[in-house]
>>> print(open('data.pdb').read())   # PDB, C-alpha atoms
ATOM      1  CA  MET A   1     -15.812  19.715 -37.378
ATOM      2  CA  GLY A   2     -12.153  18.746 -37.304
ATOM      3  CA  ILE A   3     -12.722  15.442 -35.552
ATOM      4  CA  TYR A   4     -13.992  13.649 -38.647
ATOM      5  CA  LYS A   5     -10.790  13.902 -40.666
ATOM      6  CA  HIS A   6      -8.926  12.465 -37.680
ATOM      7  CA  LEU A   7     -11.461   9.680 -37.321
ATOM      8  CA  ASP A   8     -10.948   8.798 -40.970
ATOM      9  CA  ALA A   9      -7.157   8.836 -40.592
ATOM     10  CA  HIS A  10      -7.315   6.458 -37.609
ATOM     11  CA  ALA A  11     -10.205   4.295 -38.831
ATOM     12  CA  LYS A  12      -8.347   0.953 -38.814
ATOM     13  CA  GLU A  13      -6.762   1.631 -35.435
ATOM     14  CA  ILE A  14     -10.103   2.631 -33.922
ATOM     15  CA  THR A  15     -11.925  -0.394 -35.351
ATOM     16  CA  LYS A  16      -9.248  -2.758 -34.048
ATOM     17  CA  ALA A  17      -9.301  -1.156 -30.583
ATOM     18  CA  TRP A  18     -13.106  -1.329 -30.498
ATOM     19  CA  THR A  19     -13.021  -5.014 -31.424
ATOM     20  CA  THR A  20     -10.447  -5.605 -28.687
ATOM     21  CA  ARG A  21     -12.702  -3.938 -26.102
ATOM     22  CA  PHE A  22     -15.580  -6.065 -27.366
ATOM     23  CA  SER A  23     -13.558  -9.263 -26.926
ATOM     24  CA  GLU A  24     -12.703  -8.294 -23.340
ATOM     25  CA  GLY A  25     -16.358  -8.780 -22.469
ATOM     26  CA  TYR A  26     -15.874 -12.527 -22.872
ATOM     27  CA  PRO A  27     -13.957 -14.890 -20.565
ATOM     28  CA  THR A  28     -10.162 -14.593 -20.938
ATOM     29  CA  VAL A  29      -9.655 -17.593 -23.201
ATOM     30  CA  GLY A  30     -12.678 -16.729 -25.335
ATOM     31  CA  GLY A  31     -11.611 -13.109 -25.687
ATOM     32  CA  GLN A  32      -8.111 -14.075 -26.771
ATOM     33  CA  PHE A  33      -9.526 -16.514 -29.303
ATOM     34  CA  ILE A  34     -11.800 -13.833 -30.784
ATOM     35  CA  MET A  35      -8.817 -11.559 -31.403
ATOM     36  CA  LYS A  36      -6.209 -14.112 -32.501
ATOM     37  CA  GLU A  37      -8.100 -16.647 -34.619
ATOM     38  CA  LYS A  38      -8.128 -15.385 -38.212
ATOM     39  CA  ASP A  39     -10.257 -18.144 -39.734
ATOM     40  CA  SER A  40     -13.816 -16.796 -39.913
ATOM     41  CA  PHE A  41     -15.206 -20.354 -40.017
ATOM     42  CA  ASN A  42     -13.533 -21.246 -36.717
ATOM     43  CA  ASN A  43     -14.105 -17.806 -35.236
ATOM     44  CA  PRO A  44     -17.524 -16.545 -36.402
ATOM     45  CA  ILE A  45     -17.899 -14.194 -33.413
ATOM     46  CA  GLY A  46     -14.636 -12.391 -34.146
ATOM     47  CA  ALA A  47     -15.309 -12.229 -37.882
ATOM     48  CA  MET A  48     -18.820 -10.905 -37.353
ATOM     49  CA  ALA A  49     -17.658  -8.298 -34.825
ATOM     50  CA  LYS A  50     -14.869  -7.002 -37.064
ATOM     51  CA  GLU A  51     -17.130  -6.769 -40.098
ATOM     52  CA  SER A  52     -19.918  -5.102 -38.146
ATOM     53  CA  PHE A  53     -17.659  -2.594 -36.387
ATOM     54  CA  THR A  54     -15.872  -1.695 -39.611
ATOM     55  CA  GLY A  55     -19.187  -1.029 -41.329
ATOM     56  CA  VAL A  56     -20.678   0.909 -38.416
ATOM     57  CA  PHE A  57     -17.614   3.094 -37.961
ATOM     58  CA  ALA A  58     -17.338   3.824 -41.682
ATOM     59  CA  LEU A  59     -20.840   5.318 -41.462
ATOM     60  CA  ILE A  60     -20.775   7.019 -38.078
ATOM     61  CA  SER A  61     -17.412   8.696 -38.718
ATOM     62  CA  GLN A  62     -18.750  10.646 -41.692
ATOM     63  CA  GLU A  63     -19.236  14.360 -41.170
ATOM     64  CA  VAL A  64     -22.886  14.057 -42.189
ATOM     65  CA  MET A  65     -24.785  11.814 -39.809
ATOM     66  CA  PRO A  66     -25.962   8.724 -41.739
ATOM     67  CA  GLU A  67     -29.484   7.338 -41.669
ATOM     68  CA  MET A  68     -30.113   5.380 -38.490
ATOM     69  CA  GLU A  69     -31.545   2.477 -40.484
ATOM     70  CA  ALA A  70     -28.211   2.066 -42.280
ATOM     71  CA  LEU A  71     -26.427   1.904 -38.921
ATOM     72  CA  ARG A  72     -28.977  -0.580 -37.609
ATOM     73  CA  GLN A  73     -28.366  -2.896 -40.547
ATOM     74  CA  LYS A  74     -24.612  -2.895 -39.941
ATOM     75  CA  LEU A  75     -25.040  -3.427 -36.206
ATOM     76  CA  ASP A  76     -27.805  -6.013 -36.444
ATOM     77  CA  PRO A  77     -25.693  -9.201 -36.888
ATOM     78  CA  VAL A  78     -23.511  -8.695 -33.827
ATOM     79  CA  ILE A  79     -26.467  -7.637 -31.670
ATOM     80  CA  ARG A  80     -28.394 -10.760 -32.696
ATOM     81  CA  LEU A  81     -25.363 -12.785 -31.690
ATOM     82  CA  ARG A  82     -25.280 -11.140 -28.261
ATOM     83  CA  ALA A  83     -29.007 -11.702 -27.817
ATOM     84  CA  VAL A  84     -28.653 -15.490 -27.964
ATOM     85  CA  GLN A  85     -25.735 -15.505 -25.529
ATOM     86  CA  THR A  86     -25.888 -15.270 -21.734
ATOM     87  CA  PHE A  87     -25.817 -11.487 -21.470
ATOM     88  CA  ILE A  88     -28.317  -9.304 -19.669
ATOM     89  CA  PRO A  89     -29.513  -6.371 -21.837
ATOM     90  CA  SER A  90     -27.058  -3.837 -20.377
ATOM     91  CA  GLU A  91     -24.155  -6.211 -21.009
ATOM     92  CA  GLY A  92     -25.436  -7.102 -24.441
ATOM     93  CA  VAL A  93     -25.119  -3.546 -25.775
ATOM     94  CA  ALA A  94     -22.394  -2.176 -23.479
ATOM     95  CA  PHE A  95     -19.727  -2.528 -26.173
ATOM     96  CA  VAL A  96     -21.342   0.310 -28.149
ATOM     97  CA  PHE A  97     -20.533   2.820 -25.401
ATOM     98  CA  LEU A  98     -16.906   1.644 -25.375
ATOM     99  CA  LEU A  99     -16.452   3.423 -28.696
ATOM    100  CA  LYS A 100     -16.370   6.720 -26.759
ATOM    101  CA  THR A 101     -13.425   5.520 -24.687
ATOM    102  CA  VAL A 102     -11.655   4.156 -27.755
ATOM    103  CA  ILE A 103     -11.965   7.497 -29.558
ATOM    104  CA  ARG A 104     -10.449   9.390 -26.630
ATOM    105  CA  GLU A 105      -7.567   6.932 -26.386
ATOM    106  CA  VAL A 106      -6.753   6.821 -30.104
ATOM    107  CA  LEU A 107      -7.113  10.601 -30.570
ATOM    108  CA  LYS A 108      -5.296  11.439 -27.341
ATOM    109  CA  LYS A 109      -2.541  13.374 -29.139
ATOM    110  CA  GLU A 110      -4.978  15.339 -31.290
ATOM    111  CA  ILE A 111      -7.026  16.207 -28.194
ATOM    112  CA  GLN A 112      -3.961  17.406 -26.289
ATOM    113  CA  GLU A 113      -2.866  19.554 -29.242
ATOM    114  CA  GLY A 114      -6.331  21.100 -29.518
ATOM    115  CA  LYS A 115      -6.999  19.644 -32.959
ATOM    116  CA  VAL A 116     -10.015  17.862 -31.526
ATOM    117  CA  THR A 117     -12.069  19.944 -29.103
ATOM    118  CA  GLN A 118     -14.418  18.988 -26.300
ATOM    119  CA  ASP A 119     -17.313  20.139 -28.468
ATOM    120  CA  ASP A 120     -16.121  17.721 -31.156
ATOM    121  CA  LEU A 121     -16.060  14.870 -28.654
ATOM    122  CA  ASP A 122     -19.464  15.771 -27.233
ATOM    123  CA  SER A 123     -20.972  15.858 -30.713
ATOM    124  CA  PHE A 124     -19.571  12.443 -31.567
ATOM    125  CA  SER A 125     -20.646  11.057 -28.183
ATOM    126  CA  ARG A 126     -24.236  12.005 -28.980
ATOM    127  CA  ARG A 127     -23.979   9.910 -32.139
ATOM    128  CA  VAL A 128     -22.765   6.961 -30.098
ATOM    129  CA  ASP A 129     -25.680   7.462 -27.702
ATOM    130  CA  GLN A 130     -28.112   7.281 -30.627
ATOM    131  CA  LEU A 131     -26.348   4.159 -31.856
ATOM    132  CA  SER A 132     -26.643   2.564 -28.415
ATOM    133  CA  LEU A 133     -30.408   3.190 -28.350
ATOM    134  CA  ALA A 134     -30.737   1.515 -31.741
ATOM    135  CA  ALA A 135     -28.649  -1.400 -30.448
ATOM    136  CA  PHE A 136     -30.913  -1.767 -27.420
ATOM    137  CA  ASP A 137     -34.026  -1.814 -29.633
ATOM    138  CA  ILE A 138     -32.515  -4.554 -31.804
ATOM    139  CA  TYR A 139     -31.413  -6.536 -28.759
ATOM    140  CA  MET A 140     -34.826  -6.463 -27.087
ATOM    141  CA  ALA A 141     -36.619  -7.349 -30.331
ATOM    142  CA  CYS A 142     -34.349 -10.376 -30.714
ATOM    143  CA  ARG A 143     -34.889 -11.468 -27.115
ATOM    144  CA  GLU A 144     -38.658 -11.130 -27.545
ATOM    145  CA  GLN A 145     -38.468 -13.335 -30.632
ATOM    146  CA  ILE A 146     -36.429 -15.909 -28.691
ATOM    147  CA  TYR A 147     -38.966 -15.934 -25.856
ATOM    148  CA  ARG A 148     -41.828 -16.455 -28.323
ATOM    149  CA  ILE A 149     -40.012 -19.379 -29.940
ATOM    150  CA  ARG A 150     -39.281 -20.941 -26.560
ATOM    151  CA  ALA A 151     -42.864 -20.466 -25.398
ATOM    152  CA  SER A 152     -44.114 -22.113 -28.585
ATOM    153  CA  GLU A 153     -41.742 -25.048 -28.083
ATOM    154  CA  VAL A 154     -42.846 -25.487 -24.476
ATOM    155  CA  ARG A 155     -46.506 -25.379 -25.498
ATOM    156  CA  THR A 156     -45.935 -27.961 -28.238
ATOM    157  CA  ARG A 157     -44.072 -30.299 -25.875
ATOM    158  CA  THR A 158     -46.756 -29.891 -23.216
ATOM    159  CA  LEU A 159     -49.561 -30.669 -25.664
ATOM    160  CA  ASN A 160     -47.705 -33.736 -26.897
ATOM    161  CA  ILE A 161     -47.270 -34.992 -23.330
ATOM    162  CA  LEU A 162     -50.957 -34.430 -22.546
ATOM    163  CA  LYS A 163     -51.987 -36.273 -25.688
ATOM    164  CA  THR A 164     -49.663 -39.141 -24.826
ATOM    165  CA  LYS A 165     -51.155 -39.372 -21.322
ATOM    166  CA  ASP A 166     -54.669 -39.308 -22.808
ATOM    167  CA  ILE A 167     -55.485 -36.105 -20.931
ATOM    168  CA  LEU A 168     -56.058 -33.849 -23.910
ATOM    169  CA  CYS A 169     -58.703 -34.227 -26.559
ATOM    170  CA  GLU A 170     -59.711 -32.282 -29.651
ATOM    171  CA  VAL A 171     -63.141 -30.642 -29.615
ATOM    172  CA  PRO A 172     -64.025 -29.166 -33.025
ATOM    173  CA  GLU A 173     -66.342 -26.525 -31.613
ATOM    174  CA  VAL A 174     -63.762 -25.050 -29.231
ATOM    175  CA  GLY A 175     -60.403 -26.271 -30.509
ATOM    176  CA  THR A 176     -57.795 -28.011 -28.383
ATOM    177  CA  GLU A 177     -58.770 -28.081 -24.740
ATOM    178  CA  ILE A 178     -57.470 -29.851 -21.670
ATOM    179  CA  LEU A 179     -60.438 -31.991 -20.687
ATOM    180  CA  PRO A 180     -60.240 -35.088 -18.477
ATOM    181  CA  HIS A 181     -62.210 -37.911 -20.100
ATOM    182  CA  ASP A 182     -64.875 -37.980 -17.400
ATOM    183  CA  VAL A 183     -65.569 -34.276 -17.977
ATOM    184  CA  TYR A 184     -65.436 -34.854 -21.709
ATOM    185  CA  LYS A 185     -68.099 -37.587 -21.525
ATOM    186  CA  ASN A 186     -70.287 -35.961 -18.881
ATOM    187  CA  GLY A 187     -70.141 -32.672 -20.720
ATOM    188  CA  GLY A 188     -71.955 -34.161 -23.660
ATOM    189  CA  PHE A 189     -69.137 -34.047 -26.186
ATOM    190  CA  GLU A 190     -69.298 -37.780 -26.891
ATOM    191  CA  LYS A 191     -71.318 -39.077 -29.858
ATOM    192  CA  SER A 192     -74.322 -41.264 -29.230
ATOM    193  CA  ASP A 193     -76.340 -43.626 -31.431
ATOM    194  CA  GLU A 194     -79.566 -41.843 -30.525
ATOM    195  CA  ASN A 195     -78.282 -38.433 -31.567
ATOM    196  CA  PRO A 196     -75.390 -38.800 -34.085
ATOM    197  CA  ASP A 197     -75.207 -35.025 -34.582
ATOM    198  CA  ARG A 198     -74.415 -34.454 -30.932
ATOM    199  CA  GLY A 199     -70.783 -34.000 -29.892
ATOM    200  CA  LEU A 200     -67.991 -34.936 -32.300
TER
END
>>> encode(input="data.pdb", output="structure tokens")
Amino acid sequence: MGIYKHLDAHAKEITKAWTTRFSEGYPTVGGQFIMKEKDSFNNPIGAMAKESFTGVFALISQEVMPEMEALRQKLDPVIRLRAVQTFIPSEGVAFVFLLKTVIREVLKKEIQEGKVTQDDLDSFSRRVDQLSLAAFDIYMACREQIYRIRASEVRTRTLNILKTKDILCEVPEVGTEILPHDVYKNGGFEKSDENPDRGL
């Protein structure tokens, strides 16, 4: 289809416009910083977005649809970044859909002249839809990992507090259990001189 040669010709313009749309999802000052700060050390979000978008677009703009795994790898860093920020899932991956708008804006002249047809745009839009589904999968997997880490941290802190307050004890037969000392003793877990094999 004719759209792909035009995508290649406007690749830098499209990538820059996509990055700009991405930055607009942040507060005004933050968005401006993402676009203006050139130092990747001071601006890791902007650097990561530009690198990711350049790589993704280089693949998705080919006439032959690339392997989805290759697209996922290019998209993964920026999605992981969004997952640890204060975005709900729809906001976290919304920037992927903005590529459709960017394409229509950058190729406006070609569309008006009939060099890029509606069928061309629909075909490319379906690619973006597939990319957005992959982005959502990555995002949710990252959030699940974050929740597991947080749950583990909460559990560890809770166990440490219980141990400090002398509420928790270790029972070899059943592992770590929350047992008040009176239940622990009355339950027969305590050693005795008469029966040294009983309990601990």
>>> resolve_selection(input="data.pdb", expression="the PyMOL selection byres ((chain A and resi 1-17) around 7)", output="list in words")
Trp18, Thr19, Thr20, Arg21, Phe53, Thr54, Ser61, Gln62, Glu63, Val102, Ile103, Val106, Lys115, Val116 and Asp120 of chain A
>>> closest_residue(input="data.pdb", among="A:Lys108, A:Arg150, A:Leu75, A:Val64", to="Ser123 (chain A)", atoms="all atoms listed in the file")
A:Val64
>>> residues_around(input="data.pdb", residues="Lys100 (chain A)", least_positions_apart="3", cutoff="9 Å", atoms="all atoms listed in the file", output="PDB file with C-alpha atoms, keeping the file's coordinate frame")
ATOM      1  CA  VAL A  96     -21.342   0.310 -28.149  1.00  0.00           C
ATOM      2  CA  PHE A  97     -20.533   2.820 -25.401  1.00  0.00           C
ATOM      3  CA  ILE A 103     -11.965   7.497 -29.558  1.00  0.00           C
ATOM      4  CA  ARG A 104     -10.449   9.390 -26.630  1.00  0.00           C
ATOM      5  CA  GLU A 105      -7.567   6.932 -26.386  1.00  0.00           C
ATOM      6  CA  LEU A 121     -16.060  14.870 -28.654  1.00  0.00           C
ATOM      7  CA  PHE A 124     -19.571  12.443 -31.567  1.00  0.00           C
ATOM      8  CA  SER A 125     -20.646  11.057 -28.183  1.00  0.00           C
ATOM      9  CA  VAL A 128     -22.765   6.961 -30.098  1.00  0.00           C
TER      10      VAL A 128
END
>>> closest_residue(input="data.pdb", among="A:Lys109, A:Thr158, A:Ala83, A:Pro89", to="Gln145 (chain A)", atoms="only C-alpha atoms")
A:Ala83
>>> atom_distance(input="data.pdb", atom1="CA of Pro66 (chain A)", atom2="CA of Cys142 (chain A)")
23.6 Å
>>> atom_distance(input="data.pdb", atom1="CA of Ile138 (chain A)", atom2="CA of Arg72 (chain A)")
7.9 Å
>>> resolve_selection(input="data.pdb", expression="the PyMOL selection byres ((chain A and resi 137) around 12)", output="PyMOL selection string")
chain A and resi 69+72+75-76+79-80+83+89-90+92-93+130-136+138-144
>>> atom_distance(input="data.pdb", atom1="CA of Asp129 (chain A)", atom2="CA of Lys74 (chain A)")
16.1 Å
>>> axis_aligned_box(input="data.pdb", around="region 114-122 of chain A", padding_each_side="4 Å", output="lines of an AutoDock Vina configuration file")
center_x = -12.9
center_y = 18.0
center_z = -29.6
size_x = 21.1
size_y = 14.2
size_z = 14.7
>>> closest_residue(input="data.pdb", among="A:Met68, A:Leu81, A:Gln32, A:Gln73", to="Ala49 (chain A)", atoms="only C-alpha atoms")
A:Leu81
>>> residues_around(input="data.pdb", residues="Tyr26 (chain A)", least_positions_apart="6", cutoff="12 Å", atoms="all atoms listed in the file", output="CSV table (one decimal) with C-alpha atoms, keeping the file's coordinate frame")
chain,number,residue,atom,x,y,z
A,19,THR,CA,-13.0,-5.0,-31.4
A,20,THR,CA,-10.4,-5.6,-28.7
A,32,GLN,CA,-8.1,-14.1,-26.8
A,33,PHE,CA,-9.5,-16.5,-29.3
A,34,ILE,CA,-11.8,-13.8,-30.8
A,35,MET,CA,-8.8,-11.6,-31.4
A,45,ILE,CA,-17.9,-14.2,-33.4
A,46,GLY,CA,-14.6,-12.4,-34.1
A,82,ARG,CA,-25.3,-11.1,-28.3
A,85,GLN,CA,-25.7,-15.5,-25.5
A,86,THR,CA,-25.9,-15.3,-21.7
A,87,PHE,CA,-25.8,-11.5,-21.5
A,91,GLU,CA,-24.2,-6.2,-21.0
A,92,GLY,CA,-25.4,-7.1,-24.4
A,95,PHE,CA,-19.7,-2.5,-26.2
>>> decode(input="data.pdb", residues="region 105-148 of chain A", atoms="N, CA and C atoms", output="compact mmCIF listing (two decimals), in the first residue's frame")
# COMPACT_ATOMS: atom_id res chain seq x y z
N GLU A 105 -2.51 13.74 10.94
CA GLU A 105 -2.05 15.13 10.92
C GLU A 105 -0.82 15.30 10.03
N VAL A 106 0.14 14.40 10.18
CA VAL A 106 1.39 14.51 9.41
C VAL A 106 1.16 14.21 7.93
N LEU A 107 0.28 13.27 7.63
CA LEU A 107 0.01 12.89 6.24
C LEU A 107 -1.22 13.59 5.67
N LYS A 108 -1.58 14.71 6.26
CA LYS A 108 -2.79 15.42 5.84
C LYS A 108 -2.77 15.75 4.34
N LYS A 109 -1.65 16.24 3.85
CA LYS A 109 -1.54 16.61 2.44
C LYS A 109 -1.68 15.39 1.55
N GLU A 110 -1.00 14.31 1.90
CA GLU A 110 -1.06 13.09 1.11
C GLU A 110 -2.48 12.51 1.09
N ILE A 111 -3.19 12.64 2.21
CA ILE A 111 -4.56 12.16 2.29
C ILE A 111 -5.47 12.99 1.39
N GLN A 112 -5.30 14.30 1.44
CA GLN A 112 -6.13 15.19 0.62
C GLN A 112 -5.88 14.97 -0.87
N GLU A 113 -4.66 14.65 -1.24
CA GLU A 113 -4.31 14.43 -2.65
C GLU A 113 -4.63 13.02 -3.11
N GLY A 114 -5.11 12.17 -2.20
CA GLY A 114 -5.49 10.81 -2.56
C GLY A 114 -4.32 9.85 -2.64
N LYS A 115 -3.15 10.29 -2.19
CA LYS A 115 -1.98 9.40 -2.21
C LYS A 115 -2.06 8.36 -1.09
N VAL A 116 -2.78 8.73 -0.05
CA VAL A 116 -3.04 7.81 1.05
C VAL A 116 -4.56 7.68 1.18
N THR A 117 -5.06 6.47 1.01
CA THR A 117 -6.51 6.26 1.00
C THR A 117 -7.04 5.92 2.39
N GLN A 118 -8.36 5.89 2.48
CA GLN A 118 -8.99 5.50 3.74
C GLN A 118 -8.68 4.06 4.07
N ASP A 119 -8.61 3.22 3.06
CA ASP A 119 -8.23 1.81 3.28
C ASP A 119 -6.82 1.72 3.87
N ASP A 120 -5.92 2.56 3.37
CA ASP A 120 -4.56 2.61 3.90
C ASP A 120 -4.58 2.95 5.39
N LEU A 121 -5.35 3.98 5.72
CA LEU A 121 -5.43 4.43 7.11
C LEU A 121 -6.07 3.38 8.00
N ASP A 122 -7.10 2.73 7.50
CA ASP A 122 -7.77 1.68 8.28
C ASP A 122 -6.83 0.52 8.55
N SER A 123 -6.05 0.16 7.53
CA SER A 123 -5.10 -0.94 7.68
C SER A 123 -4.06 -0.61 8.74
N PHE A 124 -3.53 0.61 8.68
CA PHE A 124 -2.53 1.00 9.66
C PHE A 124 -3.14 1.12 11.06
N SER A 125 -4.38 1.59 11.13
CA SER A 125 -5.06 1.71 12.42
C SER A 125 -5.20 0.36 13.10
N ARG A 126 -5.42 -0.68 12.31
CA ARG A 126 -5.54 -2.03 12.89
C ARG A 126 -4.20 -2.46 13.50
N ARG A 127 -3.11 -2.03 12.90
CA ARG A 127 -1.80 -2.33 13.48
C ARG A 127 -1.64 -1.62 14.83
N VAL A 128 -2.08 -0.38 14.88
CA VAL A 128 -1.98 0.37 16.12
C VAL A 128 -2.85 -0.27 17.20
N ASP A 129 -4.02 -0.78 16.79
CA ASP A 129 -4.89 -1.47 17.75
C ASP A 129 -4.20 -2.70 18.33
N GLN A 130 -3.51 -3.46 17.48
CA GLN A 130 -2.78 -4.63 17.95
C GLN A 130 -1.66 -4.21 18.91
N LEU A 131 -1.00 -3.11 18.56
CA LEU A 131 0.07 -2.59 19.41
C LEU A 131 -0.48 -2.16 20.77
N SER A 132 -1.66 -1.56 20.78
CA SER A 132 -2.26 -1.11 22.03
C SER A 132 -2.62 -2.28 22.94
N LEU A 133 -3.07 -3.38 22.34
CA LEU A 133 -3.38 -4.58 23.13
C LEU A 133 -2.10 -5.15 23.77
N ALA A 134 -1.02 -5.15 23.00
CA ALA A 134 0.26 -5.61 23.54
C ALA A 134 0.71 -4.70 24.67
N ALA A 135 0.51 -3.40 24.50
CA ALA A 135 0.88 -2.43 25.53
C ALA A 135 0.09 -2.66 26.81
N PHE A 136 -1.19 -2.96 26.65
CA PHE A 136 -2.05 -3.20 27.83
C PHE A 136 -1.60 -4.46 28.56
N ASP A 137 -1.24 -5.50 27.82
CA ASP A 137 -0.75 -6.74 28.45
C ASP A 137 0.52 -6.47 29.26
N ILE A 138 1.44 -5.70 28.68
CA ILE A 138 2.69 -5.38 29.38
C ILE A 138 2.39 -4.57 30.63
N TYR A 139 1.51 -3.59 30.47
CA TYR A 139 1.17 -2.70 31.59
C TYR A 139 0.59 -3.49 32.76
N MET A 140 -0.37 -4.36 32.48
CA MET A 140 -1.02 -5.12 33.55
C MET A 140 -0.06 -6.11 34.19
N ALA A 141 0.84 -6.70 33.41
CA ALA A 141 1.83 -7.62 33.97
C ALA A 141 2.76 -6.87 34.92
N CYS A 142 3.13 -5.65 34.55
CA CYS A 142 4.00 -4.85 35.41
C CYS A 142 3.28 -4.46 36.70
N ARG A 143 2.00 -4.06 36.58
CA ARG A 143 1.26 -3.68 37.77
C ARG A 143 1.07 -4.87 38.71
N GLU A 144 0.84 -6.05 38.13
CA GLU A 144 0.70 -7.26 38.95
C GLU A 144 1.99 -7.54 39.71
N GLN A 145 3.12 -7.35 39.03
CA GLN A 145 4.41 -7.56 39.68
C GLN A 145 4.61 -6.56 40.82
N ILE A 146 4.21 -5.31 40.59
CA ILE A 146 4.31 -4.28 41.63
C ILE A 146 3.46 -4.64 42.83
N TYR A 147 2.23 -5.09 42.58
CA TYR A 147 1.34 -5.47 43.68
C TYR A 147 1.91 -6.63 44.49
N ARG A 148 2.52 -7.60 43.80
CA ARG A 148 3.12 -8.73 44.51
C ARG A 148 4.28 -8.27 45.40
